[in-house]
file my_file13.cif (mmCIF, C-alpha atoms)
data_start
#
loop_
_atom_site.label_atom_id
_atom_site.label_comp_id
_atom_site.auth_asym_id
_atom_site.auth_seq_id
_atom_site.Cartn_x
_atom_site.Cartn_y
_atom_site.Cartn_z
CA MET G 1 -15.41 -337.90 -60.22
CA ALA G 2 -15.58 -337.15 -56.49
CA ALA G 3 -12.30 -336.87 -54.60
CA VAL G 4 -11.20 -339.84 -52.53
CA THR G 5 -11.74 -339.35 -48.79
CA LYS G 6 -10.01 -340.70 -45.70
CA GLU G 7 -13.28 -342.34 -44.72
CA GLN G 8 -13.36 -344.27 -48.01
CA VAL G 9 -9.77 -345.40 -47.50
CA LEU G 10 -10.35 -346.56 -43.93
CA GLU G 11 -13.58 -348.32 -44.87
CA THR G 12 -11.79 -350.15 -47.68
CA LEU G 13 -8.90 -351.13 -45.39
CA LYS G 14 -11.41 -352.84 -43.10
CA THR G 15 -11.47 -355.61 -45.71
CA VAL G 16 -7.81 -356.42 -44.93
CA ARG G 17 -7.40 -358.90 -42.09
CA GLY G 18 -4.76 -358.31 -39.48
CA PRO G 19 -2.11 -360.79 -38.31
CA ASP G 20 -4.62 -362.41 -35.93
CA LEU G 21 -6.84 -363.27 -38.95
CA GLU G 22 -9.90 -362.29 -36.89
CA HIS G 23 -9.94 -358.49 -36.90
CA ASN G 24 -9.13 -356.04 -39.67
CA ILE G 25 -6.10 -353.73 -39.63
CA VAL G 26 -8.22 -350.64 -38.90
CA GLU G 27 -9.88 -352.21 -35.83
CA LEU G 28 -6.47 -353.34 -34.61
CA GLY G 29 -5.17 -349.76 -34.76
CA MET G 30 -2.42 -350.66 -37.21
CA VAL G 31 -3.09 -347.90 -39.77
CA SER G 32 -1.38 -344.53 -39.40
CA ASP G 33 -2.94 -341.19 -40.28
CA VAL G 34 -4.07 -341.30 -43.91
CA PHE G 35 -2.81 -338.53 -46.20
CA ILE G 36 -4.31 -337.96 -49.67
CA SER G 37 -2.89 -335.68 -52.36
CA ASP G 38 -3.58 -335.56 -56.10
CA GLY G 39 -5.40 -338.88 -55.98
CA LYS G 40 -2.45 -340.59 -54.26
CA VAL G 41 -2.98 -342.21 -50.87
CA TYR G 42 -0.22 -342.36 -48.24
CA PHE G 43 -0.25 -344.31 -44.98
CA SER G 44 1.75 -346.86 -43.02
CA ILE G 45 0.86 -350.07 -41.21
CA THR G 46 2.48 -350.71 -37.84
CA VAL G 47 3.51 -354.32 -37.24
CA PRO G 48 5.65 -356.12 -34.64
CA ALA G 49 9.35 -355.68 -35.41
CA ASP G 50 10.07 -359.40 -35.45
CA ARG G 51 7.31 -360.04 -38.00
CA ALA G 52 7.98 -357.16 -40.43
CA LYS G 53 9.37 -359.35 -43.22
CA GLU G 54 6.73 -362.03 -42.70
CA LEU G 55 3.89 -359.50 -42.96
CA GLU G 56 4.95 -357.96 -46.27
CA PRO G 57 1.94 -359.68 -47.98
CA LEU G 58 -0.31 -357.67 -45.66
CA ARG G 59 1.21 -354.45 -46.99
CA LEU G 60 0.72 -355.62 -50.56
CA ALA G 61 -2.92 -356.53 -49.85
CA ALA G 62 -3.61 -353.08 -48.38
CA GLU G 63 -1.91 -351.39 -51.34
CA ARG G 64 -3.94 -353.48 -53.79
CA VAL G 65 -7.36 -352.75 -52.31
CA ILE G 66 -6.63 -349.01 -52.08
CA LYS G 67 -5.57 -348.84 -55.74
CA GLU G 68 -8.91 -350.40 -56.67
CA ILE G 69 -10.86 -347.44 -55.23
CA PRO G 70 -12.23 -345.31 -58.10
CA GLY G 71 -10.27 -342.07 -58.33
CA VAL G 72 -7.09 -343.38 -56.67
CA GLN G 73 -4.08 -342.70 -58.88
CA GLY G 74 -1.54 -344.50 -56.71
CA ALA G 75 -0.66 -345.55 -53.19
CA LEU G 76 2.42 -345.22 -50.98
CA VAL G 77 2.01 -347.88 -48.28
CA ALA G 78 4.80 -348.96 -45.96
CA LEU G 79 5.27 -351.22 -42.99
CA THR G 80 6.41 -349.43 -39.86
CA ALA G 81 8.02 -351.89 -37.47
CA ASP G 82 7.42 -351.30 -33.79
CA LYS G 83 9.09 -352.95 -30.82
CA LYS G 84 6.87 -355.34 -28.89
CA ALA G 85 5.76 -354.12 -25.51
CA GLY G 86 8.17 -355.44 -22.90
CA SER G 87 10.60 -356.70 -25.53
CA THR G 88 14.31 -356.17 -24.99
CA GLN G 89 15.26 -356.77 -28.60
CA SER G 90 16.62 -353.95 -30.71
CA GLN G 91 14.12 -352.16 -32.88
CA ALA G 92 13.93 -353.46 -36.42
CA PRO G 93 14.08 -351.14 -39.42
CA ALA G 94 11.13 -348.78 -39.43
CA ALA G 95 10.10 -349.75 -42.94
CA ALA G 96 10.32 -353.23 -44.34
CA PRO G 97 12.75 -352.98 -47.26
CA HIS G 98 11.55 -353.60 -50.77
CA GLY G 99 14.67 -353.35 -52.96
CA ALA G 100 14.88 -350.99 -55.89
CA HIS G 101 15.69 -352.86 -59.06
CA GLY G 102 18.79 -352.30 -61.15
CA SER G 103 21.35 -354.29 -63.10
CA HIS G 104 24.79 -354.88 -61.65
CA GLY G 105 27.51 -353.66 -63.95
CA HIS G 106 30.87 -351.92 -63.72
CA SER G 107 31.07 -349.24 -61.05
CA HIS G 108 33.70 -346.70 -60.05
CA ALA G 109 32.39 -346.70 -56.50
CA PRO G 110 33.29 -348.87 -53.52
CA GLN G 111 30.91 -351.83 -53.55
CA ALA G 112 28.06 -351.62 -51.09
CA GLN G 113 28.57 -353.72 -47.99
CA GLN G 114 26.62 -356.93 -47.61
CA PRO G 115 23.51 -356.60 -45.44
CA ARG G 116 24.34 -356.97 -41.79
CA ALA G 117 22.42 -356.40 -38.58
CA GLY G 118 19.31 -355.48 -40.58
CA LYS G 119 20.89 -352.52 -42.42
CA ILE G 120 20.39 -353.26 -46.10
CA GLY G 121 21.98 -351.31 -48.91
CA VAL G 122 20.33 -350.41 -52.20
CA PRO G 123 21.23 -352.68 -55.14
CA GLY G 124 23.32 -350.91 -57.74
CA ILE G 125 24.36 -347.98 -55.52
CA GLY G 126 28.02 -347.95 -54.53
CA ALA G 127 28.01 -345.29 -51.80
CA ILE G 128 25.31 -343.22 -50.09
CA ILE G 129 26.35 -339.90 -48.56
CA ALA G 130 24.26 -337.46 -46.55
CA VAL G 131 24.52 -333.69 -46.89
CA ALA G 132 23.34 -332.18 -43.62
CA SER G 133 23.24 -328.99 -41.58
CA GLY G 134 22.38 -328.15 -38.01
CA LYS G 135 19.94 -325.42 -39.03
CA GLY G 136 18.08 -324.13 -42.07
CA GLY G 137 19.10 -321.21 -44.24
CA VAL G 138 22.76 -322.14 -44.71
CA GLY G 139 22.42 -323.23 -48.35
CA LYS G 140 22.52 -326.97 -47.71
CA SER G 141 20.25 -327.98 -50.61
CA THR G 142 22.10 -325.75 -53.08
CA THR G 143 25.35 -327.28 -51.86
CA ALA G 144 23.92 -330.80 -52.21
CA VAL G 145 22.84 -330.19 -55.81
CA ASN G 146 26.14 -328.65 -56.87
CA LEU G 147 28.10 -331.33 -55.00
CA ALA G 148 26.15 -334.01 -56.90
CA LEU G 149 26.82 -332.23 -60.20
CA GLY G 150 30.48 -331.83 -59.20
CA LEU G 151 30.78 -335.57 -58.58
CA GLN G 152 29.16 -336.17 -61.96
CA ALA G 153 31.51 -333.69 -63.67
CA ASN G 154 34.37 -335.70 -62.18
CA GLY G 155 33.19 -338.77 -64.08
CA LEU G 156 30.83 -340.50 -61.63
CA ARG G 157 27.25 -341.75 -62.01
CA VAL G 158 25.21 -339.81 -59.48
CA GLY G 159 21.68 -339.63 -58.10
CA ILE G 160 20.15 -337.35 -55.50
CA LEU G 161 17.44 -338.14 -52.95
CA ASP G 162 15.57 -335.22 -51.42
CA ALA G 163 14.98 -336.42 -47.85
CA ASP G 164 13.29 -333.20 -46.73
CA ILE G 165 9.71 -334.46 -46.61
CA TYR G 166 8.29 -331.20 -45.21
CA GLY G 167 10.21 -328.80 -47.46
CA PRO G 168 11.45 -330.54 -50.63
CA SER G 169 13.68 -328.32 -52.78
CA MET G 170 14.89 -330.54 -55.62
CA PRO G 171 12.04 -329.94 -58.09
CA ARG G 172 12.77 -326.21 -58.09
CA LEU G 173 16.56 -326.41 -57.79
CA LEU G 174 16.79 -328.83 -60.72
CA LYS G 175 13.88 -327.37 -62.71
CA ILE G 176 11.95 -330.64 -62.83
CA SER G 177 8.17 -330.76 -63.10
CA GLY G 178 5.61 -333.49 -63.64
CA ARG G 179 5.04 -336.80 -61.91
CA PRO G 180 7.26 -339.89 -61.97
CA THR G 181 6.06 -343.00 -63.76
CA GLN G 182 5.79 -346.42 -62.14
CA ILE G 183 6.91 -349.90 -63.14
CA ASP G 184 4.21 -352.52 -62.55
CA GLY G 185 2.39 -350.00 -60.37
CA ARG G 186 5.01 -350.22 -57.63
CA ILE G 187 8.62 -349.34 -58.46
CA ILE G 188 9.01 -345.63 -59.25
CA ASN G 189 11.18 -344.34 -62.08
CA PRO G 190 13.26 -341.42 -60.80
CA MET G 191 12.99 -338.06 -62.49
CA GLU G 192 16.07 -336.76 -64.29
CA ASN G 193 17.76 -333.52 -65.33
CA TYR G 194 21.37 -332.51 -65.99
CA GLY G 195 22.18 -336.23 -66.02
CA LEU G 196 21.21 -336.67 -62.36
CA LYS G 197 18.60 -339.20 -61.28
CA VAL G 198 16.38 -337.53 -58.70
CA MET G 199 13.62 -338.50 -56.28
CA SER G 200 11.69 -336.09 -54.06
CA MET G 201 8.37 -335.90 -52.27
CA GLY G 202 7.99 -332.68 -54.27
CA PHE G 203 7.31 -334.81 -57.36
CA LEU G 204 4.43 -336.59 -55.65
CA VAL G 205 2.55 -333.67 -54.06
CA ASP G 206 1.90 -330.07 -55.05
CA GLU G 207 4.50 -327.49 -54.04
CA GLU G 208 2.12 -325.69 -51.67
CA THR G 209 0.78 -328.85 -49.99
CA ALA G 210 1.46 -328.88 -46.25
CA MET G 211 2.86 -332.27 -45.20
CA ILE G 212 1.41 -332.83 -41.74
CA TRP G 213 2.98 -336.17 -40.89
CA ARG G 214 4.20 -337.74 -37.69
CA GLY G 215 7.55 -339.54 -37.44
CA PRO G 216 6.51 -343.04 -38.57
CA MET G 217 5.02 -341.74 -41.81
CA VAL G 218 8.15 -339.70 -42.54
CA GLN G 219 10.25 -342.82 -41.99
CA SER G 220 8.01 -344.90 -44.26
CA ALA G 221 8.04 -342.34 -47.06
CA LEU G 222 11.83 -342.00 -46.89
CA MET G 223 12.42 -345.72 -47.07
CA GLN G 224 10.10 -346.14 -50.04
CA MET G 225 11.67 -343.21 -51.91
CA LEU G 226 15.03 -344.87 -51.33
CA ARG G 227 14.21 -348.55 -51.84
CA GLU G 228 11.29 -348.54 -54.29
CA VAL G 229 12.96 -346.35 -56.90
CA ALA G 230 14.66 -347.75 -60.00
CA TRP G 231 17.99 -345.99 -59.43
CA GLY G 232 19.89 -348.36 -61.69
CA GLU G 233 23.69 -348.28 -61.40
CA LEU G 234 25.06 -345.32 -59.44
CA ASP G 235 28.50 -344.67 -58.02
CA VAL G 236 27.11 -342.21 -55.47
CA LEU G 237 23.67 -341.32 -54.16
CA VAL G 238 23.66 -337.88 -52.50
CA VAL G 239 20.95 -337.50 -49.85
CA ASP G 240 19.84 -333.92 -49.17
CA MET G 241 18.84 -334.13 -45.52
CA PRO G 242 16.38 -331.77 -43.83
CA PRO G 243 17.99 -329.34 -41.38
CA GLY G 244 18.40 -330.36 -37.75
CA THR G 245 18.61 -333.73 -36.03
CA GLY G 246 15.09 -335.16 -36.17
CA ASP G 247 13.23 -338.22 -37.46
CA ALA G 248 14.54 -338.12 -41.02
CA GLN G 249 18.18 -337.90 -39.96
CA LEU G 250 17.83 -340.71 -37.43
CA THR G 251 15.95 -342.86 -39.95
CA MET G 252 18.75 -342.50 -42.49
CA ALA G 253 21.45 -343.14 -39.87
CA GLN G 254 19.60 -346.10 -38.35
CA GLN G 255 18.46 -347.93 -41.46
CA VAL G 256 20.79 -346.99 -44.31
CA PRO G 257 24.47 -347.98 -44.63
CA LEU G 258 25.71 -344.42 -45.04
CA ALA G 259 29.27 -344.08 -46.32
CA GLY G 260 29.53 -340.72 -44.60
CA ALA G 261 28.11 -337.24 -44.10
CA VAL G 262 29.03 -333.78 -45.36
CA ILE G 263 28.18 -330.93 -42.98
CA VAL G 264 27.29 -327.50 -44.40
CA SER G 265 27.62 -324.37 -42.25
CA THR G 266 28.07 -320.65 -42.64
CA PRO G 267 31.03 -319.04 -40.82
CA GLN G 268 29.27 -317.30 -37.95
CA ASP G 269 29.19 -318.72 -34.42
CA LEU G 270 25.39 -319.20 -34.33
CA ALA G 271 25.43 -321.50 -37.37
CA LEU G 272 28.49 -323.34 -36.09
CA ILE G 273 26.76 -324.08 -32.77
CA ASP G 274 23.99 -325.85 -34.67
CA ALA G 275 26.46 -327.53 -37.02
CA ARG G 276 28.14 -329.09 -33.98
CA LYS G 277 24.82 -330.74 -33.11
CA GLY G 278 24.75 -332.41 -36.52
CA LEU G 279 28.38 -333.45 -36.17
CA ASN G 280 27.72 -334.95 -32.76
CA MET G 281 24.64 -336.81 -33.99
CA PHE G 282 26.56 -338.52 -36.79
CA LYS G 283 29.37 -339.30 -34.37
CA LYS G 284 26.94 -340.96 -31.94
CA VAL G 285 25.42 -343.14 -34.65
CA GLU G 286 28.86 -344.06 -36.00
CA VAL G 287 28.49 -342.41 -39.41
CA PRO G 288 31.86 -340.94 -40.49
CA VAL G 289 31.92 -337.20 -41.20
CA LEU G 290 33.56 -336.73 -44.59
CA GLY G 291 34.13 -333.05 -43.93
CA ILE G 292 32.71 -329.55 -43.46
CA VAL G 293 31.83 -327.05 -46.19
CA GLU G 294 31.83 -323.35 -45.30
CA ASN G 295 29.03 -321.89 -47.40
CA MET G 296 28.49 -318.12 -47.88
CA SER G 297 32.12 -317.87 -46.82
CA TYR G 298 32.64 -314.39 -48.26
CA PHE G 299 30.99 -311.98 -50.69
CA ILE G 300 32.58 -310.56 -53.83
CA ALA G 301 30.90 -307.34 -54.96
CA PRO G 302 29.99 -307.81 -58.65
CA ASP G 303 30.64 -304.14 -59.50
CA THR G 304 33.97 -303.55 -57.75
CA GLY G 305 35.32 -307.02 -57.07
CA ALA G 306 35.85 -306.09 -53.43
CA ARG G 307 35.60 -308.88 -50.90
CA TYR G 308 33.40 -308.67 -47.80
CA ASP G 309 33.23 -311.23 -44.97
CA ILE G 310 29.54 -310.69 -44.26
CA PHE G 311 29.16 -313.63 -41.88
CA GLY G 312 32.74 -313.61 -40.66
CA HIS G 313 35.20 -315.99 -42.26
CA GLY G 314 37.05 -319.18 -41.46
CA GLY G 315 34.78 -320.37 -38.65
CA ALA G 316 33.99 -323.70 -40.31
CA ARG G 317 37.67 -324.33 -41.12
CA LYS G 318 38.62 -323.71 -37.48
CA GLU G 319 35.81 -325.99 -36.32
CA ALA G 320 37.01 -328.75 -38.66
CA GLU G 321 40.55 -328.40 -37.32
CA ARG G 322 39.30 -328.37 -33.74
CA ILE G 323 37.41 -331.65 -34.02
CA GLY G 324 39.77 -333.33 -36.46
CA VAL G 325 37.61 -333.71 -39.58
CA PRO G 326 38.53 -332.64 -43.13
CA PHE G 327 37.74 -329.11 -44.27
CA LEU G 328 36.28 -329.48 -47.76
CA GLY G 329 36.28 -325.90 -48.99
CA GLU G 330 34.87 -322.37 -48.98
CA VAL G 331 31.94 -321.44 -51.22
CA PRO G 332 31.45 -317.68 -51.69
CA LEU G 333 28.12 -315.87 -51.55
CA THR G 334 27.47 -314.68 -55.10
CA MET G 335 24.53 -313.33 -57.04
CA ASN G 336 24.95 -316.14 -59.57
CA ILE G 337 24.45 -318.89 -56.98
CA ARG G 338 21.21 -317.30 -55.82
CA GLU G 339 19.94 -316.59 -59.33
CA THR G 340 20.77 -320.01 -60.76
CA SER G 341 19.30 -321.78 -57.72
CA ASP G 342 16.01 -319.90 -58.11
CA ALA G 343 16.00 -320.58 -61.85
CA GLY G 344 16.75 -324.30 -61.51
CA THR G 345 20.01 -324.01 -63.44
CA PRO G 346 22.73 -324.94 -60.90
CA LEU G 347 26.10 -323.27 -61.45
CA VAL G 348 28.08 -326.48 -61.99
CA ALA G 349 25.77 -327.29 -64.92
CA SER G 350 25.05 -323.80 -66.26
CA GLU G 351 28.54 -322.27 -65.85
CA PRO G 352 30.84 -325.32 -65.73
CA ASN G 353 33.96 -323.27 -66.45
CA GLY G 354 33.23 -320.63 -63.82
CA ILE G 355 35.22 -320.08 -60.62
CA VAL G 356 32.42 -321.24 -58.30
CA ALA G 357 31.77 -324.38 -60.37
CA GLY G 358 35.45 -325.16 -59.99
CA ILE G 359 35.14 -324.79 -56.20
CA TYR G 360 32.25 -327.27 -56.13
CA ARG G 361 34.20 -329.74 -58.30
CA ASP G 362 37.16 -329.45 -55.91
CA ILE G 363 34.86 -330.13 -52.95
CA ALA G 364 33.42 -333.12 -54.81
CA SER G 365 36.96 -334.44 -55.42
CA ARG G 366 37.78 -334.17 -51.71
CA VAL G 367 34.57 -335.97 -50.78
CA TRP G 368 35.36 -338.76 -53.21
CA GLN G 369 38.88 -339.02 -51.81
CA GLN G 370 37.39 -339.50 -48.36
CA LEU G 371 35.26 -342.33 -49.79
CA GLY G 372 38.09 -343.94 -51.75
CA GLY G 373 38.17 -347.68 -51.07
CA GLN G 374 35.90 -347.27 -48.07
CA GLN G 375 32.97 -349.60 -47.61
CA PRO G 376 29.66 -348.02 -46.57
CA ARG G 377 29.19 -348.82 -42.91
CA PRO G 378 26.08 -350.42 -41.46
CA ALA G 379 24.59 -348.01 -38.97
CA PRO G 380 23.93 -349.13 -35.41
CA ALA G 381 20.45 -349.88 -34.11
CA ILE G 382 18.91 -347.02 -32.17
CA VAL G 383 16.26 -348.04 -29.66
CA PHE G 384 13.94 -345.48 -28.15
CA GLU G 385 12.40 -346.60 -24.88
#

call {"tool": "encode", "arguments": {"input": "my_file13.cif", "output": "structure tokens"}}
result
Amino acid sequence: MAAVTKEQVLETLKTVRGPDLEHNIVELGMVSDVFISDGKVYFSITVPADRAKELEPLRLAAERVIKEIPGVQGALVALTADKKAGSTQSQAPAAAPHGAHGSHGHSHAPQAQQPRAGKIGVPGIGAIIAVASGKGGVGKSTTAVNLALGLQANGLRVGILDADIYGPSMPRLLKISGRPTQIDGRIINPMENYGLKVMSMGFLVDEETAMIWRGPMVQSALMQMLREVAWGELDVLVVDMPPGTGDAQLTMAQQVPLAGAVIVSTPQDLALIDARKGLNMFKKVEVPVLGIVENMSYFIAPDTGARYDIFGHGGARKEAERIGVPFLGEVPLTMNIRETSDAGTPLVASEPNGIVAGIYRDIASRVWQQLGGQQPRPAPAIVFE
């Protein structure tokens, strides 16, 4: 069977009438760049912010006609709300929420705050925390995985969302392969390993596929991976953010009631300069910083046991003290962390009684203490003129 083409998709979408009921959504310029991978079609539909909820049937109609194309295995279609020209109203959420389904039972976590000002939580999830860094290469994803496993080892129900659309790491770090299944062709079942529920763009596209998406499509994909996944009942959802302070970070801060953020940095000044950017971003969008982790804090030679401060030492602790946020702990640079990360067998799971696993569990305990009794906060609206 021939592969599905963008031209086929756009031609099919011409059968979907726009809000004016006269022209189709392609003619009206409402369809974003179409991306196709492994028979799955991804695109968003831009609608006026004040009509996003009302036009949800339009999204469903577009999704339905695309799934009917021979060769299409699935579709990821989202509404991207845009501010009306000349409007002074705050921008609505970039993707119209479609809640993930889950039963409501007993939870150790603080209960998610009621929707307010358009920031809607995810049913069944007690607290959502972001793990972020100002730059790449500081071990943020490895920290996020072991933090999630540390929270789980401390008795919590935990999931992890890989928010790095361009460079997803979770499939490799957690040794998960295959594609997720869907419920009624819409809600996605998360993948699972080591007791963690996991969702990542890496499960939907091949590892070597280049994701060439503009901001609105990134926002749409993130919101669907968050809201159209059957997470069930979780005490904590850990979000592994991409490095930096771009679209994905702002989308999460703007549209998701984050309980807080954990910043990961190495000790040297260059990494700390970038970490400050992440700290300042979360401060500006009123997301509390739960603390700073100093990763690759020191190196213990496996043959002699001698300690070396390769990247300096204590820089993140001093930064935390300087700005008045908790210091969560020091994680050493060890061969085991590198080897287990590459092998998809994270240390907290593969060597639960080891020294480093204990460090991650301690960090997880401090994070949970910061969350204790705290309601996730609705993030403020961010309007870009």

call {"tool": "residues_around", "arguments": {"input": "my_file13.cif", "residues": "Arg172 (chain G)", "least_positions_apart": "2", "cutoff": "8 Å", "atoms": "all atoms listed in the file", "output": "ChimeraX atom specification"}}
result
/G:169-170,174-176,341-344

call {"tool": "closest_residue", "arguments": {"input": "my_file13.cif", "among": "G:Pro243, G:Pro168, G:Gly39, G:Gly159", "to": "Glu192 (chain G)", "atoms": "all atoms listed in the file"}}
result
G:Gly159

call {"tool": "resolve_selection", "arguments": {"input": "my_file13.cif", "expression": "the PyMOL selection byres ((chain G and resi 27) around 10)", "output": "VMD selection string"}}
result
chain G and resid 10 13 to 14 17 to 18 23 to 26 28 to 31

call {"tool": "closest_residue", "arguments": {"input": "my_file13.cif", "among": "G:Lys6, G:Lys197, G:Arg227, G:Arg366", "to": "Val145 (chain G)", "atoms": "all atoms listed in the file"}}
result
G:Lys197

call {"tool": "atom_distance", "arguments": {"input": "my_file13.cif", "atom1": "CA of Met223 (chain G)", "atom2": "CA of Thr5 (chain G)"}}
result
25.0 Å

call {"tool": "atom_distance", "arguments": {"input": "my_file13.cif", "atom1": "CA of Ile36 (chain G)", "atom2": "CA of Gln255 (chain G)"}}
result
26.2 Å

call {"tool": "closest_residue", "arguments": {"input": "my_file13.cif", "among": "G:Ala153, G:Ile66, G:Leu328, G:Leu58", "to": "Glu294 (chain G)", "atoms": "only C-alpha atoms"}}
result
G:Leu328

call {"tool": "resolve_selection", "arguments": {"input": "my_file13.cif", "expression": "the PyMOL selection byres ((chain G and resi 338) around 12)", "output": "PyMOL selection string"}}
result
chain G and resi 139+141-143+173+296+332-337+339-347

call {"tool": "atom_distance", "arguments": {"input": "my_file13.cif", "atom1": "CA of Arg186 (chain G)", "atom2": "CA of Leu149 (chain G)"}}
result
28.4 Å

call {"tool": "residues_around", "arguments": {"input": "my_file13.cif", "residues": "Asp164 (chain G)", "least_positions_apart": "4", "cutoff": "12 Å", "atoms": "only C-alpha atoms", "output": "ChimeraX atom specification"}}
result
/G:130-133,136,140-141,160,168-171,199-202,211,218-219,221-222,225,239-249,252

call {"tool": "closest_residue", "arguments": {"input": "my_file13.cif", "among": "G:Thr15, G:Ala144, G:Met217, G:Asp162", "to": "Ala78 (chain G)", "atoms": "all atoms listed in the file"}}
result
G:Met217
